[in-house]
Amino acid sequence: MIADKLGFDPSRCFINGAWVPPHDGRTVRLENPSTGETIGTIARGGTKDIDSAVQAAQSALNGQWGATTALERGRLLTRIGQRVLENVDLLAELEAADVGKPLTQARNDAIALARYMEFYGGATDKVHGETIPYLDGYTVYTLREPHGVTGHIVPWNYPMQIIGRSVGAALAMGNAAVLKPAEEACLTALAFAAIAHEAGLPQGALNVVPGLGEEAGAALTAHAGVNHISFTGSVGVGALVQSAAARNVAPVTLELGGKSPQIVFDDADIDKALPFLVNAGIQNAGQTCSASSRILVQRGIYDDVVARMSERYKALRVGPAADDLDVGPLISARQKEIVSGFLDVARADNLTIAAQGQIVGNAPDTGHYVAPSLLVGVSPDHPLAQDEIFGPVQVVLPFDTEEEAIAIANGTEFGLVAGIWTRDGGRQMRLAKAVRSGQIFINNYGAGGGVELPFGGVGKSGHGREKGFEALYGFSVLKTVAAHHG
């Protein structure tokens, strides 16, 4: 088994450098979304396991990990990244079976995890304080220090990438981490812990407790020994996380939902834009916070863009992750029910499904497949244009003027990512400033992942930033030292 090759036991928690059974011995069934079949069980950690993990993290800070220099942390993270690269194919196979994403996408996620480790490994000794000119007789300077114990709640859609951008940054700053992966998909989180341990990460610096969100997750967010929480997930759960952490006055980084637009003007390079317009909506079966689920197209080219996107949709093939097609299954029967429900609303409201992808014949009926769907005739205030669907569904909305495009783009509760397609340099700058979003891409979308690019939202898309140096600042506390020397 892959778990044996990578040295981890999915039925156990990883605490203080050892694989230990959950305190009450309970487990959670693990399902392959491509088939609906059980592929194993994972530990169902709870309050006692979280408490053990937090204590282990604190002991690490008081011991070897806390004494590790920034240079040594950097070398260690770089070494972990290299070990990840050496195991890319095994990690991709795990992720494909666990999440249901096509093998190529899963492999890219493993490579991204390695890149995060490389980036943060190179950054550990480059986060500097500053000196501040002050009164005569004073020398004032600032230091950036770790929060202490950081809690990380990682969702099921991109486990490896989100571990990289949150846990990687936290460790780079010298924090000790407690990770609670999603119960639907946690195998690569456990595998990462094994890889990091084998690479030499001191015991207690990283602890992983699988389990249910309402049990292990709730215990982590409410624990008085946790000094910072990083959460990626839904708006509703994010509010609960923030409320629980507030009781301990612990800061929280929230990366939540999105309803991200791409805005296409009539002077845009449509040939260049088309792959981005479609792929950004259907990657990982649309189960992406930054998915571009709204395409805003200037009316003069609207029919042409819809026709050309429809051609691409009709060519999309949906099937098992191992087949490595364009789109895999949704994560669960529940998620399939949610996405199918949105499509039922579209039909009931007489909206037009301009095109759909095709589920291949060998896709098991027990898998969680939904055909990617492109919708037109949707008003900007309709639920399909307002709510996060988290499935392979895109709506195409017409607009006439620049002002109308801005109003539609800003017309949801979210503000995570936006794309702007135009050759007009002045318009590019105006739209980049006017659209309410944490990231703006001009004549591209996603910038190839962009490990270096700060990522996060506004409004109900959350607050705080991950990725790049901003993540390091978020995982540190600024201390001001004012020395009076006469």
# chains A, B, ... in the order shown; residues from 1 in each chain; ligands from 1

call {"tool": "select_by_dssp", "arguments": {"residues": "range 19-257 of chain A", "states": "strand (DSSP E)", "output": "CSV table (one decimal) with all heavy atoms, in the first residue's frame"}}
result
chain,number,residue,atom,x,y,z
A,19,TRP,N,3.1,7.8,15.7
A,19,TRP,CA,1.8,7.5,15.2
A,19,TRP,C,1.0,6.8,16.3
A,19,TRP,O,1.4,5.7,16.8
A,19,TRP,CB,1.9,6.5,14.0
A,19,TRP,CG,2.5,7.2,12.8
A,19,TRP,CD1,3.9,7.1,12.4
A,19,TRP,CD2,1.9,8.1,11.9
A,19,TRP,NE1,4.1,7.9,11.4
A,19,TRP,CE2,2.9,8.6,11.0
A,19,TRP,CE3,0.6,8.6,11.8
A,19,TRP,CZ2,2.7,9.5,10.0
A,19,TRP,CZ3,0.4,9.5,10.8
A,19,TRP,CH2,1.4,10.0,9.9
A,20,VAL,N,0.0,7.5,16.8
A,20,VAL,CA,-0.7,7.0,18.0
A,20,VAL,C,-2.2,6.9,17.7
A,20,VAL,O,-2.7,7.6,17.0
A,20,VAL,CB,-0.5,8.0,19.2
A,20,VAL,CG1,1.0,8.1,19.6
A,20,VAL,CG2,-1.0,9.4,18.9
A,27,THR,N,-13.0,5.5,14.4
A,27,THR,CA,-12.5,5.7,13.1
A,27,THR,C,-13.6,6.3,12.2
A,27,THR,O,-14.8,6.3,12.6
A,27,THR,CB,-12.0,4.4,12.4
A,27,THR,OG1,-13.1,3.5,12.3
A,27,THR,CG2,-10.8,3.9,13.2
A,28,VAL,N,-13.2,6.8,11.0
A,28,VAL,CA,-14.1,7.4,10.0
A,28,VAL,C,-13.9,6.7,8.7
A,28,VAL,O,-12.7,6.4,8.3
A,28,VAL,CB,-13.9,8.9,9.8
A,28,VAL,CG1,-14.8,9.5,8.7
A,28,VAL,CG2,-14.1,9.7,11.1
A,29,ARG,N,-15.0,6.3,8.1
A,29,ARG,CA,-14.9,5.6,6.7
A,29,ARG,C,-14.4,6.6,5.7
A,29,ARG,O,-14.8,7.8,5.6
A,29,ARG,CB,-16.3,5.1,6.3
A,29,ARG,CG,-16.4,4.6,4.9
A,29,ARG,CD,-17.8,4.1,4.6
A,29,ARG,NE,-18.0,3.8,3.2
A,29,ARG,CZ,-18.4,4.6,2.3
A,29,ARG,NH1,-18.7,5.8,2.6
A,29,ARG,NH2,-18.5,4.2,1.0
A,30,LEU,N,-13.5,6.1,4.9
A,30,LEU,CA,-12.9,6.9,3.8
A,30,LEU,C,-13.4,6.4,2.4
A,30,LEU,O,-13.4,5.2,2.2
A,30,LEU,CB,-11.4,6.9,3.8
A,30,LEU,CG,-10.6,8.0,3.2
A,30,LEU,CD1,-11.0,9.4,3.8
A,30,LEU,CD2,-9.1,7.8,3.3
A,31,GLU,N,-13.9,7.3,1.6
A,31,GLU,CA,-14.5,6.9,0.3
A,31,GLU,C,-13.8,7.4,-0.9
A,31,GLU,O,-13.2,8.5,-0.9
A,31,GLU,CB,-16.0,7.4,0.3
A,31,GLU,CG,-16.8,7.1,-0.9
A,31,GLU,CD,-18.1,7.8,-0.9
A,31,GLU,OE1,-18.2,8.9,-1.4
A,31,GLU,OE2,-19.1,7.2,-0.4
A,38,THR,N,-15.6,2.2,-0.3
A,38,THR,CA,-14.7,2.4,0.9
A,38,THR,C,-13.3,2.0,0.5
A,38,THR,O,-13.0,0.9,0.0
A,38,THR,CB,-15.2,1.6,2.1
A,38,THR,OG1,-16.6,2.0,2.4
A,38,THR,CG2,-14.3,1.8,3.3
A,39,ILE,N,-12.3,2.9,0.8
A,39,ILE,CA,-10.9,2.6,0.5
A,39,ILE,C,-10.1,2.5,1.8
A,39,ILE,O,-8.9,2.4,1.8
A,39,ILE,CB,-10.3,3.7,-0.4
A,39,ILE,CG1,-10.5,5.1,0.1
A,39,ILE,CG2,-10.9,3.6,-1.8
A,39,ILE,CD1,-9.7,6.1,-0.7
A,40,GLY,N,-10.8,2.6,3.0
A,40,GLY,CA,-10.1,2.5,4.2
A,40,GLY,C,-10.8,3.3,5.3
A,40,GLY,O,-11.9,3.8,5.2
A,41,THR,N,-10.1,3.4,6.5
A,41,THR,CA,-10.6,4.2,7.6
A,41,THR,C,-9.5,5.1,8.1
A,41,THR,O,-8.3,4.8,7.9
A,41,THR,CB,-11.1,3.3,8.7
A,41,THR,OG1,-10.1,2.5,9.2
A,41,THR,CG2,-12.3,2.5,8.3
A,42,ILE,N,-9.9,6.2,8.7
A,42,ILE,CA,-8.9,7.1,9.3
A,42,ILE,C,-9.3,7.3,10.7
A,42,ILE,O,-10.4,7.0,11.2
A,42,ILE,CB,-8.9,8.5,8.6
A,42,ILE,CG1,-10.3,9.1,8.6
A,42,ILE,CG2,-8.4,8.3,7.1
A,42,ILE,CD1,-10.3,10.6,8.2
A,43,ALA,N,-8.3,7.8,11.5
A,43,ALA,CA,-8.6,8.1,12.9
A,43,ALA,C,-9.6,9.1,13.1
A,43,ALA,O,-9.7,10.1,12.3
A,43,ALA,CB,-7.3,8.5,13.6
A,131,THR,N,14.7,49.4,11.9
A,131,THR,CA,15.0,50.4,12.9
A,131,THR,C,14.2,51.6,12.7
A,131,THR,O,13.9,52.0,11.5
A,131,THR,CB,16.5,50.8,12.9
A,131,THR,OG1,16.9,51.2,11.6
A,131,THR,CG2,17.4,49.6,13.3
A,132,ILE,N,13.8,52.3,13.7
A,132,ILE,CA,12.9,53.4,13.6
A,132,ILE,C,13.5,54.7,14.2
A,132,ILE,O,13.9,54.7,15.4
A,132,ILE,CB,11.5,53.1,14.4
A,132,ILE,CG1,10.9,51.9,13.8
A,132,ILE,CG2,10.6,54.3,14.3
A,132,ILE,CD1,9.7,51.4,14.6
A,138,TYR,N,17.6,57.3,22.1
A,138,TYR,CA,16.9,56.0,21.9
A,138,TYR,C,17.3,55.3,20.7
A,138,TYR,O,17.6,55.9,19.6
A,138,TYR,CB,15.4,56.3,21.8
A,138,TYR,CG,14.6,56.5,23.1
A,138,TYR,CD1,14.6,57.8,23.6
A,138,TYR,CD2,14.0,55.5,23.8
A,138,TYR,CE1,13.9,58.2,24.7
A,138,TYR,CE2,13.3,55.8,25.0
A,138,TYR,CZ,13.3,57.1,25.4
A,138,TYR,OH,12.6,57.4,26.6
A,139,THR,N,17.4,54.0,20.8
A,139,THR,CA,17.5,53.2,19.6
A,139,THR,C,16.2,52.3,19.6
A,139,THR,O,16.0,51.6,20.6
A,139,THR,CB,18.7,52.3,19.6
A,139,THR,OG1,19.9,53.1,19.5
A,139,THR,CG2,18.7,51.3,18.4
A,140,VAL,N,15.5,52.3,18.5
A,140,VAL,CA,14.2,51.6,18.4
A,140,VAL,C,14.3,50.6,17.3
A,140,VAL,O,14.6,51.1,16.1
A,140,VAL,CB,13.0,52.5,18.3
A,140,VAL,CG1,11.7,51.7,18.3
A,140,VAL,CG2,12.9,53.5,19.5
A,141,TYR,N,13.9,49.4,17.5
A,141,TYR,CA,13.9,48.4,16.4
A,141,TYR,C,12.7,47.5,16.6
A,141,TYR,O,12.1,47.4,17.7
A,141,TYR,CB,15.2,47.7,16.3
A,141,TYR,CG,15.6,46.9,17.5
A,141,TYR,CD1,15.3,45.5,17.7
A,141,TYR,CD2,16.3,47.5,18.5
A,141,TYR,CE1,15.6,44.8,18.8
A,141,TYR,CE2,16.7,46.8,19.7
A,141,TYR,CZ,16.4,45.5,19.8
A,141,TYR,OH,16.7,44.7,20.9
A,142,THR,N,12.4,46.8,15.5
A,142,THR,CA,11.3,45.8,15.6
A,142,THR,C,11.8,44.4,15.3
A,142,THR,O,12.8,44.2,14.5
A,142,THR,CB,10.2,46.1,14.6
A,142,THR,OG1,10.7,46.1,13.3
A,142,THR,CG2,9.6,47.5,14.9
A,143,LEU,N,11.1,43.4,15.9
A,143,LEU,CA,11.4,42.0,15.6
A,143,LEU,C,10.1,41.3,15.2
A,143,LEU,O,9.1,41.7,15.6
A,143,LEU,CB,11.9,41.3,16.9
A,143,LEU,CG,13.2,41.9,17.6
A,143,LEU,CD1,13.3,41.3,19.0
A,143,LEU,CD2,14.4,41.7,16.7
A,144,ARG,N,10.3,40.3,14.4
A,144,ARG,CA,9.1,39.4,14.0
A,144,ARG,C,9.4,38.1,14.7
A,144,ARG,O,10.4,37.4,14.4
A,144,ARG,CB,9.0,39.3,12.5
A,144,ARG,CG,8.4,40.5,11.9
A,144,ARG,CD,7.7,40.2,10.6
A,144,ARG,NE,6.9,41.4,10.1
A,144,ARG,CZ,5.6,41.7,10.4
A,144,ARG,NH1,5.0,40.8,11.2
A,144,ARG,NH2,5.0,42.7,10.0
A,145,GLU,N,8.4,37.7,15.5
A,145,GLU,CA,8.5,36.4,16.3
A,145,GLU,C,7.3,35.5,16.0
A,145,GLU,O,6.3,36.0,15.7
A,145,GLU,CB,8.7,36.8,17.8
A,145,GLU,CG,9.9,37.6,18.1
A,145,GLU,CD,10.0,37.9,19.6
A,145,GLU,OE1,8.9,37.9,20.3
A,145,GLU,OE2,11.1,38.2,20.1
A,146,PRO,N,7.5,34.2,16.2
A,146,PRO,CA,6.3,33.3,16.0
A,146,PRO,C,5.2,33.6,17.0
A,146,PRO,O,5.4,34.0,18.1
A,146,PRO,CB,6.9,31.9,16.2
A,146,PRO,CG,8.1,32.1,17.0
A,146,PRO,CD,8.7,33.5,16.6
A,149,VAL,N,1.9,28.3,19.1
A,149,VAL,CA,1.2,27.1,18.5
A,149,VAL,C,0.1,27.6,17.5
A,149,VAL,O,-0.7,28.4,17.9
A,149,VAL,CB,0.5,26.3,19.6
A,149,VAL,CG1,-0.3,25.1,19.0
A,149,VAL,CG2,1.5,25.8,20.7
A,150,THR,N,0.2,27.1,16.3
A,150,THR,CA,-0.8,27.5,15.3
A,150,THR,C,-1.6,26.3,14.9
A,150,THR,O,-1.2,25.2,14.8
A,150,THR,CB,-0.1,28.1,14.0
A,150,THR,OG1,0.9,27.1,13.5
A,150,THR,CG2,0.7,29.3,14.3
A,151,GLY,N,-2.9,26.6,14.8
A,151,GLY,CA,-3.9,25.6,14.4
A,151,GLY,C,-4.3,25.7,12.9
A,151,GLY,O,-4.5,26.9,12.5
A,152,HIS,N,-4.3,24.7,12.2
A,152,HIS,CA,-4.6,24.7,10.8
A,152,HIS,C,-5.7,23.7,10.4
A,152,HIS,O,-5.6,22.5,10.6
A,152,HIS,CB,-3.3,24.3,10.0
A,152,HIS,CG,-2.1,25.1,10.3
A,152,HIS,ND1,-1.7,26.2,9.5
A,152,HIS,CD2,-1.3,25.1,11.4
A,152,HIS,CE1,-0.6,26.7,10.1
A,152,HIS,NE2,-0.4,26.1,11.2
A,153,ILE,N,-6.8,24.3,9.9
A,153,ILE,CA,-7.9,23.4,9.5
A,153,ILE,C,-8.0,23.5,8.0
A,153,ILE,O,-8.2,24.6,7.4
A,153,ILE,CB,-9.3,23.9,10.1
A,153,ILE,CG1,-9.2,23.8,11.6
A,153,ILE,CG2,-10.4,23.1,9.6
A,153,ILE,CD1,-10.4,24.3,12.4
A,154,VAL,N,-7.7,22.4,7.3
A,154,VAL,CA,-7.5,22.3,5.9
A,154,VAL,C,-8.7,21.6,5.2
A,154,VAL,O,-9.1,20.5,5.7
A,154,VAL,CB,-6.2,21.6,5.6
A,154,VAL,CG1,-6.0,21.4,4.1
A,154,VAL,CG2,-5.0,22.5,6.1
A,176,ALA,N,4.9,26.1,15.9
A,176,ALA,CA,4.7,24.7,16.0
A,176,ALA,C,3.2,24.5,15.6
A,176,ALA,O,2.3,25.2,16.1
A,176,ALA,CB,5.0,24.1,17.3
A,177,ALA,N,2.9,23.6,14.7
A,177,ALA,CA,1.6,23.5,14.1
A,177,ALA,C,0.9,22.2,14.5
A,177,ALA,O,1.4,21.1,14.7
A,177,ALA,CB,1.8,23.4,12.6
A,178,VAL,N,-0.5,22.4,14.6
A,178,VAL,CA,-1.4,21.3,14.8
A,178,VAL,C,-2.4,21.4,13.6
A,178,VAL,O,-3.1,22.4,13.4
A,178,VAL,CB,-2.2,21.4,16.1
A,178,VAL,CG1,-3.2,20.3,16.2
A,178,VAL,CG2,-1.2,21.4,17.3
A,179,LEU,N,-2.4,20.3,12.8
A,179,LEU,CA,-3.2,20.3,11.6
A,179,LEU,C,-4.3,19.4,11.8
A,179,LEU,O,-4.2,18.2,12.1
A,179,LEU,CB,-2.2,19.8,10.5
A,179,LEU,CG,-2.9,19.4,9.1
A,179,LEU,CD1,-3.6,20.6,8.5
A,179,LEU,CD2,-1.8,18.9,8.2
A,180,LYS,N,-5.6,19.9,11.4
A,180,LYS,CA,-6.8,19.1,11.4
A,180,LYS,C,-7.2,19.0,9.9
A,180,LYS,O,-7.8,20.0,9.4
A,180,LYS,CB,-7.9,19.7,12.3
A,180,LYS,CG,-8.9,18.6,12.8
A,180,LYS,CD,-9.7,17.9,11.7
A,180,LYS,CE,-10.8,18.7,11.2
A,180,LYS,NZ,-11.6,18.0,10.2
A,181,PRO,N,-6.9,17.9,9.2
A,181,PRO,CA,-7.3,17.8,7.8
A,181,PRO,C,-8.8,17.5,7.7
A,181,PRO,O,-9.4,17.0,8.7
A,181,PRO,CB,-6.5,16.7,7.2
A,181,PRO,CG,-6.1,15.9,8.4
A,181,PRO,CD,-6.1,16.8,9.6
A,206,LEU,N,5.2,19.5,14.1
A,206,LEU,CA,4.0,19.3,13.3
A,206,LEU,C,3.2,18.1,13.8
A,206,LEU,O,3.8,17.0,14.0
A,206,LEU,CB,4.4,19.1,11.8
A,206,LEU,CG,3.2,18.7,10.9
A,206,LEU,CD1,2.1,19.7,10.9
A,206,LEU,CD2,3.7,18.3,9.5
A,207,ASN,N,2.0,18.3,14.1
A,207,ASN,CA,1.1,17.3,14.6
A,207,ASN,C,-0.1,17.2,13.8
A,207,ASN,O,-0.7,18.3,13.4
A,207,ASN,CB,0.7,17.5,16.1
A,207,ASN,CG,2.0,17.8,17.0
A,207,ASN,OD1,2.5,16.9,17.5
A,207,ASN,ND2,2.3,19.1,17.1
A,208,VAL,N,-0.6,16.1,13.5
A,208,VAL,CA,-1.8,15.9,12.6
A,208,VAL,C,-2.9,15.1,13.3
A,208,VAL,O,-2.6,13.9,13.7
A,208,VAL,CB,-1.4,15.3,11.2
A,208,VAL,CG1,-2.7,15.2,10.3
A,208,VAL,CG2,-0.3,16.0,10.6
A,228,HIS,N,-2.9,31.0,17.2
A,228,HIS,CA,-3.3,31.5,15.9
A,228,HIS,C,-4.0,30.4,15.1
A,228,HIS,O,-3.6,29.2,15.2
A,228,HIS,CB,-2.1,32.0,15.1
A,228,HIS,CG,-2.5,32.6,13.7
A,228,HIS,ND1,-2.8,31.8,12.6
A,228,HIS,CD2,-2.6,33.9,13.3
A,228,HIS,CE1,-3.1,32.6,11.6
A,228,HIS,NE2,-3.0,33.9,12.0
A,229,ILE,N,-5.1,30.7,14.4
A,229,ILE,CA,-5.9,29.7,13.7
A,229,ILE,C,-5.8,30.1,12.2
A,229,ILE,O,-6.1,31.3,11.8
A,229,ILE,CB,-7.3,29.7,14.1
A,229,ILE,CG1,-7.4,29.1,15.5
A,229,ILE,CG2,-8.2,28.8,13.2
A,229,ILE,CD1,-7.1,27.6,15.6
A,230,SER,N,-5.6,29.2,11.3
A,230,SER,CA,-5.7,29.3,9.9
A,230,SER,C,-6.8,28.4,9.4
A,230,SER,O,-6.7,27.2,9.6
A,230,SER,CB,-4.4,29.0,9.2
A,230,SER,OG,-4.6,29.0,7.8
A,231,PHE,N,-7.8,28.9,8.8
A,231,PHE,CA,-9.0,28.1,8.3
A,231,PHE,C,-9.3,28.4,6.9
A,231,PHE,O,-9.4,29.6,6.5
A,231,PHE,CB,-10.2,28.4,9.2
A,231,PHE,CG,-11.5,27.8,8.6
A,231,PHE,CD1,-11.7,26.4,8.9
A,231,PHE,CD2,-12.4,28.5,7.9
A,231,PHE,CE1,-12.9,25.8,8.4
A,231,PHE,CE2,-13.5,27.9,7.4
A,231,PHE,CZ,-13.8,26.5,7.6
A,232,THR,N,-9.5,27.4,6.1
A,232,THR,CA,-10.0,27.5,4.7
A,232,THR,C,-11.2,26.6,4.6
A,232,THR,O,-11.2,25.4,4.9
A,232,THR,CB,-8.9,27.0,3.7
A,232,THR,OG1,-7.7,27.8,3.8
A,232,THR,CG2,-9.5,27.1,2.3
A,252,VAL,N,-7.1,35.1,13.6
A,252,VAL,CA,-7.6,34.1,12.7
A,252,VAL,C,-7.3,34.5,11.3
A,252,VAL,O,-7.6,35.7,10.9
A,252,VAL,CB,-9.1,33.8,12.9
A,252,VAL,CG1,-9.6,32.8,11.9
A,252,VAL,CG2,-9.4,33.3,14.3
A,253,THR,N,-6.8,33.7,10.4
A,253,THR,CA,-6.8,33.9,9.0
A,253,THR,C,-7.9,33.0,8.4
A,253,THR,O,-7.9,31.8,8.5
A,253,THR,CB,-5.4,33.5,8.4
A,253,THR,OG1,-4.4,34.3,9.0
A,253,THR,CG2,-5.4,33.7,6.9
A,254,LEU,N,-8.8,33.7,7.6
A,254,LEU,CA,-9.9,33.0,7.0
A,254,LEU,C,-9.8,33.1,5.5
A,254,LEU,O,-9.8,34.2,4.9
A,254,LEU,CB,-11.3,33.6,7.5
A,254,LEU,CG,-11.6,33.5,8.9
A,254,LEU,CD1,-13.0,34.2,9.2
A,254,LEU,CD2,-11.7,32.0,9.4
A,255,GLU,N,-9.8,32.0,4.8
A,255,GLU,CA,-9.9,32.0,3.3
A,255,GLU,C,-11.2,31.2,3.0
A,255,GLU,O,-11.3,30.0,3.2
A,255,GLU,CB,-8.7,31.3,2.7
A,255,GLU,CG,-8.6,31.6,1.2
A,255,GLU,CD,-9.3,30.6,0.3
A,255,GLU,OE1,-8.8,29.5,0.1
A,255,GLU,OE2,-10.5,30.9,-0.1

call {"tool": "residues_around", "arguments": {"residues": "Pro159 in chain A", "least_positions_apart": "3", "cutoff": "8 Å", "atoms": "only C-alpha atoms", "output": "count of residues only"}}
result
10

call {"tool": "closest_residue", "arguments": {"among": "A:Leu330, A:Val127, A:Ala60, A:Ile2", "to": "Ser476 in chain A", "atoms": "only C-alpha atoms"}}
result
A:Val127

call {"tool": "residues_around", "arguments": {"residues": "range 303-317 of chain A", "least_positions_apart": "6", "cutoff": "10 Å", "atoms": "only C-alpha atoms", "output": "PyMOL selection string"}}
result
chain A and resi 264+270-271+273-275+277-279+282+295+297+324-328+353-360+371-376+395-398

call {"tool": "write_last_selection", "arguments": {"atoms": "N, CA and C atoms", "output": "compact mmCIF listing (two decimals), in the first residue's frame"}}
result
# COMPACT_ATOMS: atom_id res chain seq x y z
N VAL A 264 -14.79 40.21 -19.73
CA VAL A 264 -14.24 40.15 -21.09
C VAL A 264 -14.79 41.32 -21.91
N ILE A 270 -9.66 37.00 -27.59
CA ILE A 270 -10.57 35.91 -27.21
C ILE A 270 -9.87 34.55 -27.31
N ASP A 271 -9.03 34.38 -28.32
CA ASP A 271 -8.33 33.10 -28.46
C ASP A 271 -7.48 32.81 -27.22
N ALA A 273 -8.03 34.14 -24.24
CA ALA A 273 -8.88 34.09 -23.06
C ALA A 273 -9.63 32.78 -22.90
N LEU A 274 -10.04 32.17 -23.98
CA LEU A 274 -10.95 31.02 -23.92
C LEU A 274 -10.50 29.89 -22.99
N PRO A 275 -9.27 29.42 -23.07
CA PRO A 275 -8.88 28.34 -22.14
C PRO A 275 -9.01 28.75 -20.69
N LEU A 277 -11.12 31.05 -19.48
CA LEU A 277 -12.53 31.22 -19.14
C LEU A 277 -13.15 29.90 -18.72
N VAL A 278 -12.82 28.83 -19.45
CA VAL A 278 -13.42 27.53 -19.16
C VAL A 278 -12.67 26.80 -18.04
N ASN A 279 -11.37 26.69 -18.16
CA ASN A 279 -10.61 25.88 -17.19
C ASN A 279 -10.74 26.40 -15.77
N ILE A 282 -13.93 24.81 -14.27
CA ILE A 282 -14.16 23.36 -14.18
C ILE A 282 -13.00 22.61 -13.53
N ILE A 295 -18.81 34.59 -15.83
CA ILE A 295 -18.12 35.16 -16.98
C ILE A 295 -18.94 36.35 -17.48
N VAL A 297 -19.37 39.26 -20.16
CA VAL A 297 -18.92 39.48 -21.54
C VAL A 297 -19.64 40.69 -22.13
N ASP A 324 -7.67 10.18 -15.80
CA ASP A 324 -6.98 11.44 -16.08
C ASP A 324 -7.65 12.23 -17.20
N LEU A 325 -8.94 12.42 -17.08
CA LEU A 325 -9.71 13.17 -18.07
C LEU A 325 -9.76 14.65 -17.67
N ASP A 326 -10.65 15.40 -18.29
CA ASP A 326 -10.73 16.83 -18.01
C ASP A 326 -11.29 17.12 -16.62
N VAL A 327 -12.28 16.33 -16.21
CA VAL A 327 -12.99 16.57 -14.96
C VAL A 327 -13.20 15.25 -14.24
N GLY A 328 -13.02 15.25 -12.93
CA GLY A 328 -13.28 14.07 -12.13
C GLY A 328 -14.60 14.20 -11.40
N ILE A 353 -29.32 26.03 -20.47
CA ILE A 353 -28.03 25.34 -20.39
C ILE A 353 -27.47 25.30 -21.81
N ALA A 354 -26.52 26.20 -22.07
CA ALA A 354 -26.00 26.35 -23.43
C ALA A 354 -25.20 25.14 -23.86
N ALA A 355 -24.51 24.49 -22.92
CA ALA A 355 -23.69 23.32 -23.27
C ALA A 355 -23.33 22.57 -22.01
N GLN A 356 -23.08 21.27 -22.19
CA GLN A 356 -22.64 20.43 -21.08
C GLN A 356 -21.54 19.49 -21.55
N GLY A 357 -20.66 19.12 -20.61
CA GLY A 357 -19.67 18.09 -20.89
C GLY A 357 -20.32 16.72 -20.83
N GLN A 358 -19.53 15.70 -21.12
CA GLN A 358 -20.05 14.34 -21.20
C GLN A 358 -19.40 13.43 -20.16
N ILE A 359 -20.23 12.72 -19.40
CA ILE A 359 -19.73 11.72 -18.48
C ILE A 359 -19.44 10.45 -19.27
N VAL A 360 -18.24 9.93 -19.18
CA VAL A 360 -17.84 8.80 -20.03
C VAL A 360 -18.57 7.54 -19.60
N ALA A 371 -22.20 16.51 -14.90
CA ALA A 371 -21.71 17.05 -16.16
C ALA A 371 -21.47 18.55 -16.03
N PRO A 372 -20.28 19.06 -16.40
CA PRO A 372 -20.04 20.50 -16.39
C PRO A 372 -21.10 21.21 -17.23
N SER A 373 -21.61 22.32 -16.72
CA SER A 373 -22.75 22.99 -17.36
C SER A 373 -22.48 24.48 -17.51
N LEU A 374 -22.75 25.00 -18.71
CA LEU A 374 -22.61 26.41 -19.04
C LEU A 374 -23.99 27.02 -19.19
N LEU A 375 -24.32 28.03 -18.38
CA LEU A 375 -25.67 28.60 -18.36
C LEU A 375 -25.67 30.03 -18.89
N VAL A 376 -26.73 30.35 -19.63
CA VAL A 376 -26.96 31.71 -20.10
C VAL A 376 -28.39 32.10 -19.73
N VAL A 395 -21.89 30.62 -15.25
CA VAL A 395 -22.92 31.44 -15.89
C VAL A 395 -22.23 32.53 -16.70
N VAL A 396 -22.80 32.86 -17.86
CA VAL A 396 -22.26 33.91 -18.72
C VAL A 396 -23.26 35.06 -18.72
N LEU A 397 -22.79 36.24 -18.29
CA LEU A 397 -23.64 37.41 -18.12
C LEU A 397 -23.21 38.51 -19.08
N PRO A 398 -24.14 39.15 -19.81
CA PRO A 398 -23.77 40.25 -20.70
C PRO A 398 -23.70 41.58 -19.96

call {"tool": "closest_residue", "arguments": {"among": "A:Leu431, A:Val209, A:Asn410, A:Asp9", "to": "Ala53 in chain A", "atoms": "only C-alpha atoms"}}
result
A:Val209

call {"tool": "residues_around", "arguments": {"residues": "Tyr116 in chain A", "least_positions_apart": "6", "cutoff": "7 Å", "atoms": "only C-alpha atoms", "output": "list in words"}}
result
Gly164, Arg165, Gly168 and Val451 of chain A

call {"tool": "write_last_selection", "arguments": {"atoms": "C-alpha atoms", "output": "CSV table (one decimal), in the first residue's frame"}}
result
chain,number,residue,atom,x,y,z
A,164,GLY,CA,2.0,24.1,1.8
A,165,ARG,CA,0.8,27.7,2.0
A,168,GLY,CA,4.8,25.8,5.4
A,451,VAL,CA,3.2,30.6,-4.7

call {"tool": "atom_distance", "arguments": {"atom1": "CA of Val339 in chain A", "atom2": "CA of Ser437 in chain A"}}
result
24.7 Å

call {"tool": "closest_atom_pairs", "arguments": {"of": "range 15-111 of chain A", "to": "range 169-175 of chain A", "cutoff": "7 Å", "atoms": "only C-alpha atoms", "output": "CSV"}}
result
residue,atom,partner,partner_atom,distance
A:Gly66,CA,A:Gly174,CA,6.9
A:Arg73,CA,A:Ala172,CA,6.3
A:Gly74,CA,A:Ala172,CA,6.8

call {"tool": "residues_around", "arguments": {"residues": "Gln203 in chain A", "least_positions_apart": "4", "cutoff": "8 Å", "atoms": "only C-alpha atoms", "output": "JSON, numbers by chain"}}
result
{"A": [15, 16, 17, 18, 56, 60, 197]}

call {"tool": "closest_residue", "arguments": {"among": "A:Thr78, A:Thr221, A:Gln58, A:Ser166", "to": "Val241 in chain A", "atoms": "only C-alpha atoms"}}
result
A:Thr221

call {"tool": "atom_distance", "arguments": {"atom1": "CA of Glu466 in chain A", "atom2": "CA of Glu452 in chain A"}}
result
9.5 Å

call {"tool": "residues_around", "arguments": {"residues": "Ala291 in chain A", "least_positions_apart": "6", "cutoff": "7 Å", "atoms": "only C-alpha atoms", "output": "PyMOL selection string"}}
result
chain A and resi 260+280-281

call {"tool": "atom_distance", "arguments": {"atom1": "CA of Ile442 in chain A", "atom2": "CA of Ser379 in chain A"}}
result
25.0 Å
